[in-house]
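Comments concern the structure below.
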Amino acid sequence: MTKNLELDKGNIPGLLFKYALPAIISMTAASIYNMADVMFIGRGVNAMAIAGLSLTLPLMNISAAFGSMIGVGASTLVSVKLGQKDKVTAEKALGNAVTLNTIIGISYSIIALIFLEPTLYFFGASAQTLPYAKEYMQIILAGNVITHIYHGLNDNLRASGYPKKAMLATLTAVTTNLILDPLFIFGFKWGIRGAAIATVISQAVALGIVVHHYTRKDSIIRFKRDIFTIQKGMPRNIVSVGLAPFLMNIVNSLIIIIINRSFLKFGGDYAVGAYGIANRMVFLFIMIIFGFNQGMQPLVGFNYGARKYKRVTEIYKLTVLCASCISMLAFIIAQFFPHAAVKLFTNDPTLIKLTVEGLRIDLAAFPLVGLPIVTSNFFQAIRKPGKAIFLSLTRQVIFLIPALLILPRFFGVIGVWASMPISDAASFVVATVLIIKQMKEFRTYDES
């Protein structure tokens with residue numbers, strides 16, 4: 001246990017990259033995992049299928065919201081408790097996370113399937129795109145509980161000192177999906193339904209790997225009979241920390257609904273499809289930044305629990321620097337090489353043209369997004385969910401939603417795209433103010 005968790009003594013850049021690199025590989029693989037569906041569907045079905053897939057994002061984000069609430073909340077609690085040498089509570093947090101994810105995952109699937117068709121219409125579906133969105137989500141929702149448990153356990157795997165195993169599970173899911181996608185879509189000619197089946201199967205395989213880890217006696221924390229019973233106060237502790245990513249995902253779902261409906265109103269189904277492709281491309285770079293966040297989280301949580309605030313500050317600054325480099329790379333690609341990137345997803349000339357135009361606007365302020373994304377995760381890691389929630393909601397609610405409601409009325413489709421970089425820039429300012437105050441607080445602790 002000591003060998004795996006000497007996070008308060010080692011070289012900070014070395015530790016960050018040790019934990020971040022597997023997470024980055026995992027998150028990059030996860031984004032490729034999502035992009036693969038779009039690529040194969042775009043070339044194996046048609047442009048309307050891409051638009052239909054885009055409409056499923058809010059439902060999938062709501063599902064991810066519940067999963068991340070439990071997964072992030074429990075993994076943060078695990079890392080802090082291990083930093084405090086409280087292994088018993090860390091294991092109880094793990095077991096309770098499995099139970100809560102099972103209950104929530106099954107409940108969400110039942111409710112979403114009952115109201116699937118009217119929900120998709122509300123999200124911006126048309127008569128042309130509804131059949132594709134409905135076929136895809138019926139399969140995804142049927143396997144939703146697998147997704148919940150897998151992601152929750154994988155979060156805890158990283159937090160308990162096994163980032164490479166977490167990476168292995170994710171890479172297994174991606175590899176399985178990349179093999180099954182073309183087989184089901186092109187070989188069996190199952191269309192968009194084949195892509196959904198491939199997704200569920202690949203996550204089930206990865207779940208098997210993670211479960212096997214927690215049954216081993218040499219794991220730092222592992223499955224025991226008594227840890228799955230809901231402990232008094234444990235759900236509240238998990239949810240209080242995981243509330244920030246939950247609200248972020250819920251709000252993000254609302255944003256996507258507004259965006260899709262706006263694109264449908266001002267640009268039609270092709271505009272919805274263009275956003276679907278652009279969103280998947282942006283998602284790749286966001287997930288790499290999240291990889292750095294996941295590498296940072298156990299380091300910050302452990303050192304914060306050990307009251308080593310100077311190390312906490314150094315870890316944060318290095319993570320922001322890395323995240324900003326990634327966001328700058330995305331900006332360069334979007335502005336100078338967008339055609340080559342978009343053509344990976346579709347050969348439809350109209351869809352290519354609309355996506356390239358939108359992507360350049362969408363990422364106009366992207367070099368600034370690294371700091372607010374890292375800062376929000378940082379506040380979660382030091383168990384200050386209120387600040388994390390505030391930072392997340394200011395970007396989405398205070399800045400982005402008003403821009404989405406106002407700008408398209410004057411500028412049409414261009415206004416929808418422009419709303420995103422405007423909110424990114426405003427969020428950067430808010431995050432900068434919050435983190436400066438937090439750094440001053442840490443310096444006060446060190447001096448006392």
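Scheme for the structure tokens: letters A, B, ... for chains in order shown; per-chain residue numbers from 1; ligand numbers from 1 in order shown.
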task: as an MDAnalysis selection string, please: all residues of stretch 228-375 of chain A that backbone DSSP puts in alpha helix (DSSP H).
output: chainID A and resid 234:267 269:305 309:336 338:342 349:362 370:375
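For stretch 414-431 of chain A, the non-local neighbours within 8 Å, defined as residues at least 6 positions apart in the same chain or in other chains and counting only C-alpha atoms, are Ile259, Ser262, Phe263, Gly358, Ile361, Asp362, Leu363, Ala364, Ala365, Phe366, Leu368, Val369, Leu371, Pro372, Thr375, Ser376, Leu391, Thr394, Arg395, Gln396, Phe399, Leu400, Ala403, Leu404, Leu407 and Pro408 of chain A.
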task: Name the closest residue to A:Ile221 among the candidates A:Arg236, A:Lys440, A:Lys18, A:Lys81; distances are taken between atoms, counting only C-alpha atoms.
output: A:Lys81
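For A:Gln138, the non-local neighbours within 8 Å, defined as residues at least 4 positions apart in the same chain or in other chains and counting only C-alpha atoms, are Leu113, Lys134 and Ala142 of chain A.
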May I have the selected residues written with C-alpha atoms, as a compact mmCIF listing (two decimals), in the first residue's frame?
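Written output follows (result07.txt):
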# COMPACT_ATOMS: atom_id res chain seq x y z
CA LEU A 113 -37.21 3.87 -22.30
CA LYS A 134 -34.55 5.82 -31.24
CA ALA A 142 -30.84 -1.57 -22.13
task: Quick one: everything within 10 Å of A:Cys322, counting only C-alpha atoms, minus sequence neighbours fewer than 2 positions away in the same chain. Send it as a list in words.
output: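 Result of the neighbour search: Ile288, Ile289, Phe292, Lys317, Leu318, Thr319, Val320, Ser324, Cys325, Ile326, Ser327, Gly370, Leu371 and Val374 of chain A.
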Just N, CA and C atoms for this one: save the residues we selected as a PDB file, in the first residue's frame.
ATOM      1  N   ILE A 288      -8.688  14.634 -23.254  1.00  0.00           N
ATOM      2  CA  ILE A 288      -7.258  14.626 -22.917  1.00  0.00           C
ATOM      3  C   ILE A 288      -7.013  15.513 -21.695  1.00  0.00           C
ATOM      4  N   ILE A 289      -7.674  16.671 -21.665  1.00  0.00           N
ATOM      5  CA  ILE A 289      -7.567  17.548 -20.495  1.00  0.00           C
ATOM      6  C   ILE A 289      -8.134  16.851 -19.268  1.00  0.00           C
ATOM      7  N   PHE A 292      -5.555  14.657 -17.754  1.00  0.00           N
ATOM      8  CA  PHE A 292      -4.676  15.361 -16.812  1.00  0.00           C
ATOM      9  C   PHE A 292      -5.396  15.600 -15.483  1.00  0.00           C
ATOM     10  N   LYS A 317      -0.788  23.987 -10.728  1.00  0.00           N
ATOM     11  CA  LYS A 317      -0.180  24.851 -11.742  1.00  0.00           C
ATOM     12  C   LYS A 317       0.362  24.041 -12.922  1.00  0.00           C
ATOM     13  N   LEU A 318       1.002  22.916 -12.619  1.00  0.00           N
ATOM     14  CA  LEU A 318       1.535  22.081 -13.683  1.00  0.00           C
ATOM     15  C   LEU A 318       0.410  21.497 -14.544  1.00  0.00           C
ATOM     16  N   THR A 319      -0.693  21.125 -13.906  1.00  0.00           N
ATOM     17  CA  THR A 319      -1.829  20.569 -14.649  1.00  0.00           C
ATOM     18  C   THR A 319      -2.447  21.613 -15.570  1.00  0.00           C
ATOM     19  N   VAL A 320      -2.570  22.837 -15.106  1.00  0.00           N
ATOM     20  CA  VAL A 320      -3.106  23.921 -15.934  1.00  0.00           C
ATOM     21  C   VAL A 320      -2.217  24.167 -17.147  1.00  0.00           C
ATOM     22  N   SER A 324      -3.513  23.702 -20.956  1.00  0.00           N
ATOM     23  CA  SER A 324      -3.504  24.847 -21.874  1.00  0.00           C
ATOM     24  C   SER A 324      -2.769  24.518 -23.177  1.00  0.00           C
ATOM     25  N   CYS A 325      -1.741  23.706 -23.091  1.00  0.00           N
ATOM     26  CA  CYS A 325      -1.031  23.284 -24.306  1.00  0.00           C
ATOM     27  C   CYS A 325      -1.943  22.439 -25.198  1.00  0.00           C
ATOM     28  N   ILE A 326      -2.740  21.578 -24.583  1.00  0.00           N
ATOM     29  CA  ILE A 326      -3.667  20.739 -25.338  1.00  0.00           C
ATOM     30  C   ILE A 326      -4.745  21.592 -26.011  1.00  0.00           C
ATOM     31  N   SER A 327      -5.290  22.550 -25.286  1.00  0.00           N
ATOM     32  CA  SER A 327      -6.336  23.398 -25.851  1.00  0.00           C
ATOM     33  C   SER A 327      -5.798  24.264 -26.983  1.00  0.00           C
ATOM     34  N   GLY A 370      -8.497  25.458 -20.846  1.00  0.00           N
ATOM     35  CA  GLY A 370      -7.753  24.571 -19.953  1.00  0.00           C
ATOM     36  C   GLY A 370      -7.864  24.969 -18.496  1.00  0.00           C
ATOM     37  N   LEU A 371      -7.688  26.259 -18.214  1.00  0.00           N
ATOM     38  CA  LEU A 371      -7.683  26.719 -16.819  1.00  0.00           C
ATOM     39  C   LEU A 371      -9.024  26.480 -16.113  1.00  0.00           C
ATOM     40  N   VAL A 374      -9.624  22.610 -15.457  1.00  0.00           N
ATOM     41  CA  VAL A 374      -8.771  22.083 -14.392  1.00  0.00           C
ATOM     42  C   VAL A 374      -9.193  22.650 -13.037  1.00  0.00           C
TER      43      VAL A 374
END
message: Please list as a list in words every residue within 8 Å of A:Thr56, counting only C-alpha atoms and excluding residues in the same chain fewer than 4 positions away.
response: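 Non-adjacent residues within range: Gly52, Met60, Leu120, Ala133 and Met137 of chain A.
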message: Please determine, counting only C-alpha atoms, which residue among A:Val241, A:Met167, A:Leu254, A:Leu405 has the shortest atom-to-atom distance to A:Leu77.
response: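 Ranking A:Val241, A:Met167, A:Leu254, A:Leu405 by distance to A:Leu77, first place goes to A:Val241.
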- prompt: If we count only C-alpha atoms, what is near A:Leu116 at a cut-off of 12 Å, once residues fewer than 3 positions away on the same chain are taken out, given as a ChimeraX atom specification?
  reply: /A:55-56,58-59,108-113,119-123,125,130-131,133-141
Would you put the residues from that selection into a file with C-alpha atoms, as a short mmCIF file (atom, residue, chain, number, x, y, z; two decimals), in the first residue's frame?
data_model
loop_
_atom_site.label_atom_id
_atom_site.label_comp_id
_atom_site.auth_asym_id
_atom_site.auth_seq_id
_atom_site.Cartn_x
_atom_site.Cartn_y
_atom_site.Cartn_z
CA LEU A 55 -29.74 13.98 -30.66
CA THR A 56 -28.92 11.16 -28.24
CA PRO A 58 -28.45 14.78 -23.89
CA LEU A 59 -29.82 11.40 -22.81
CA TYR A 108 -32.78 5.57 -15.30
CA SER A 109 -33.05 2.95 -18.06
CA ILE A 110 -36.66 2.12 -17.23
CA ILE A 111 -37.81 5.74 -17.10
CA ALA A 112 -35.90 6.80 -20.23
CA LEU A 113 -37.21 3.87 -22.30
CA THR A 119 -38.07 12.97 -25.23
CA LEU A 120 -36.17 12.76 -28.51
CA TYR A 121 -38.69 15.02 -30.22
CA PHE A 122 -38.20 17.53 -27.42
CA PHE A 123 -34.44 17.29 -27.90
CA ALA A 125 -35.57 15.27 -33.52
CA LEU A 130 -36.01 10.19 -35.01
CA PRO A 131 -35.80 6.55 -36.24
CA ALA A 133 -31.88 8.19 -32.58
CA LYS A 134 -34.55 5.82 -31.24
CA GLU A 135 -32.86 2.66 -32.54
CA TYR A 136 -29.54 3.66 -31.04
CA MET A 137 -30.83 4.64 -27.59
CA GLN A 138 -33.02 1.56 -27.11
CA ILE A 139 -29.88 -0.59 -27.07
CA ILE A 140 -27.76 1.85 -25.07
CA LEU A 141 -30.41 2.19 -22.37
#
- prompt: Which polymer residues have any atom within 6 Å of an atom of stretch 249-251 of chain A, counting only C-alpha atoms, with same-chain residues fewer than 3 positions away left out, as a PyMOL selection string?
  reply: chain A and resi 61-62+65+246+254
message: When you count only C-alpha atoms, which of these residues is closest to A:Tyr445: A:Ala49, A:Arg193, A:Gln203, A:Tyr304?
response: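 So, comparing all the options, the nearest one is A:Tyr304.
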Closest atom pairs, stretch 152-249 of chain A residues within 9 Å of stretch 83-93 of chain A, only C-alpha atoms, as JSON lines:
{"residue": "A:Ser160", "atom": "CA", "partner": "A:Ala90", "partner_atom": "CA", "distance": 8.8}
{"residue": "A:Ile220", "atom": "CA", "partner": "A:Lys87", "partner_atom": "CA", "distance": 8.2}
{"residue": "A:Ile221", "atom": "CA", "partner": "A:Glu91", "partner_atom": "CA", "distance": 5.6}
{"residue": "A:Arg222", "atom": "CA", "partner": "A:Glu91", "partner_atom": "CA", "distance": 6.7}
{"residue": "A:Phe223", "atom": "CA", "partner": "A:Glu91", "partner_atom": "CA", "distance": 7.5}
{"residue": "A:Lys224", "atom": "CA", "partner": "A:Glu91", "partner_atom": "CA", "distance": 8.3}
{"residue": "A:Asp226", "atom": "CA", "partner": "A:Lys92", "partner_atom": "CA", "distance": 8.1}
{"residue": "A:Ile227", "atom": "CA", "partner": "A:Lys92", "partner_atom": "CA", "distance": 4.7}
{"residue": "A:Phe228", "atom": "CA", "partner": "A:Lys92", "partner_atom": "CA", "distance": 7.2}
{"residue": "A:Thr229", "atom": "CA", "partner": "A:Lys92", "partner_atom": "CA", "distance": 8.4}
{"residue": "A:Ile230", "atom": "CA", "partner": "A:Lys92", "partner_atom": "CA", "distance": 8.5}
{"residue": "A:Gln231", "atom": "CA", "partner": "A:Lys92", "partner_atom": "CA", "distance": 7.6}
{"residue": "A:Met234", "atom": "CA", "partner": "A:Ala93", "partner_atom": "CA", "distance": 6.9}
{"residue": "A:Pro235", "atom": "CA", "partner": "A:Ala93", "partner_atom": "CA", "distance": 8.5}
{"residue": "A:Ile238", "atom": "CA", "partner": "A:Ala93", "partner_atom": "CA", "distance": 7.6}
Please produce a file of the residues just selected, as a compact mmCIF listing (two decimals), in the first residue's frame, where the atoms kept are N, CA and C atoms.
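The file below, again_26.txt, is the result:
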# COMPACT_ATOMS: atom_id res chain seq x y z
N SER A 160 -7.39 4.68 -6.24
CA SER A 160 -6.78 3.79 -5.25
C SER A 160 -5.38 3.35 -5.65
N ILE A 220 -5.27 -2.90 -3.10
CA ILE A 220 -5.25 -2.01 -1.93
C ILE A 220 -6.61 -1.96 -1.27
N ILE A 221 -7.65 -1.77 -2.06
CA ILE A 221 -9.02 -1.91 -1.56
C ILE A 221 -9.72 -2.93 -2.45
N ARG A 222 -10.57 -3.73 -1.89
CA ARG A 222 -11.19 -4.80 -2.67
C ARG A 222 -12.60 -5.08 -2.17
N PHE A 223 -13.30 -5.93 -2.94
CA PHE A 223 -14.67 -6.28 -2.60
C PHE A 223 -14.71 -7.19 -1.36
N LYS A 224 -15.58 -6.83 -0.44
CA LYS A 224 -15.87 -7.66 0.73
C LYS A 224 -17.38 -7.65 0.93
N ASP A 226 -19.45 -7.08 3.33
CA ASP A 226 -20.16 -6.05 4.11
C ASP A 226 -20.07 -4.64 3.51
N ILE A 227 -19.28 -4.43 2.45
CA ILE A 227 -19.11 -3.06 1.96
C ILE A 227 -20.24 -2.61 1.03
N PHE A 228 -21.06 -3.56 0.54
CA PHE A 228 -22.11 -3.20 -0.40
C PHE A 228 -23.40 -2.72 0.27
N THR A 229 -23.51 -2.94 1.57
CA THR A 229 -24.66 -2.43 2.31
C THR A 229 -24.53 -0.92 2.48
N ILE A 230 -25.59 -0.21 2.17
CA ILE A 230 -25.55 1.25 2.27
C ILE A 230 -25.25 1.67 3.71
N GLN A 231 -24.17 2.42 3.87
CA GLN A 231 -23.75 2.89 5.19
C GLN A 231 -24.40 4.23 5.52
N MET A 234 -23.00 7.65 4.16
CA MET A 234 -22.10 7.46 3.03
C MET A 234 -22.66 8.02 1.72
N PRO A 235 -23.94 7.73 1.37
CA PRO A 235 -24.47 8.33 0.13
C PRO A 235 -24.39 9.85 0.14
N ILE A 238 -20.80 10.89 -0.56
CA ILE A 238 -20.45 10.66 -1.96
C ILE A 238 -21.11 11.69 -2.86
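Proximity to A:Phe283 was assessed for A:Gln438, A:Asn46, A:Thr28, A:Asn101 counting only C-alpha atoms; the smallest distance is recorded for A:Thr28.
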query: Between atom CA of A:Ile209 and atom CA of A:Ala29, what is the distance, to one decimal in Å?
result: 16.4 Å
task: Measuring atom to atom with only C-alpha atoms, identify which of A:Ala195, A:Ile106, A:Ala20, A:Ala74 is nearest to A:Leu183.
output: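 For A:Leu183, the nearest of the candidates is A:Ala195.
Among A:Ile406, A:Ala47, A:Met39, A:Ala330, the residue with the shortest atom-to-atom distance to A:Leu351, counting only C-alpha atoms, is A:Ala47.
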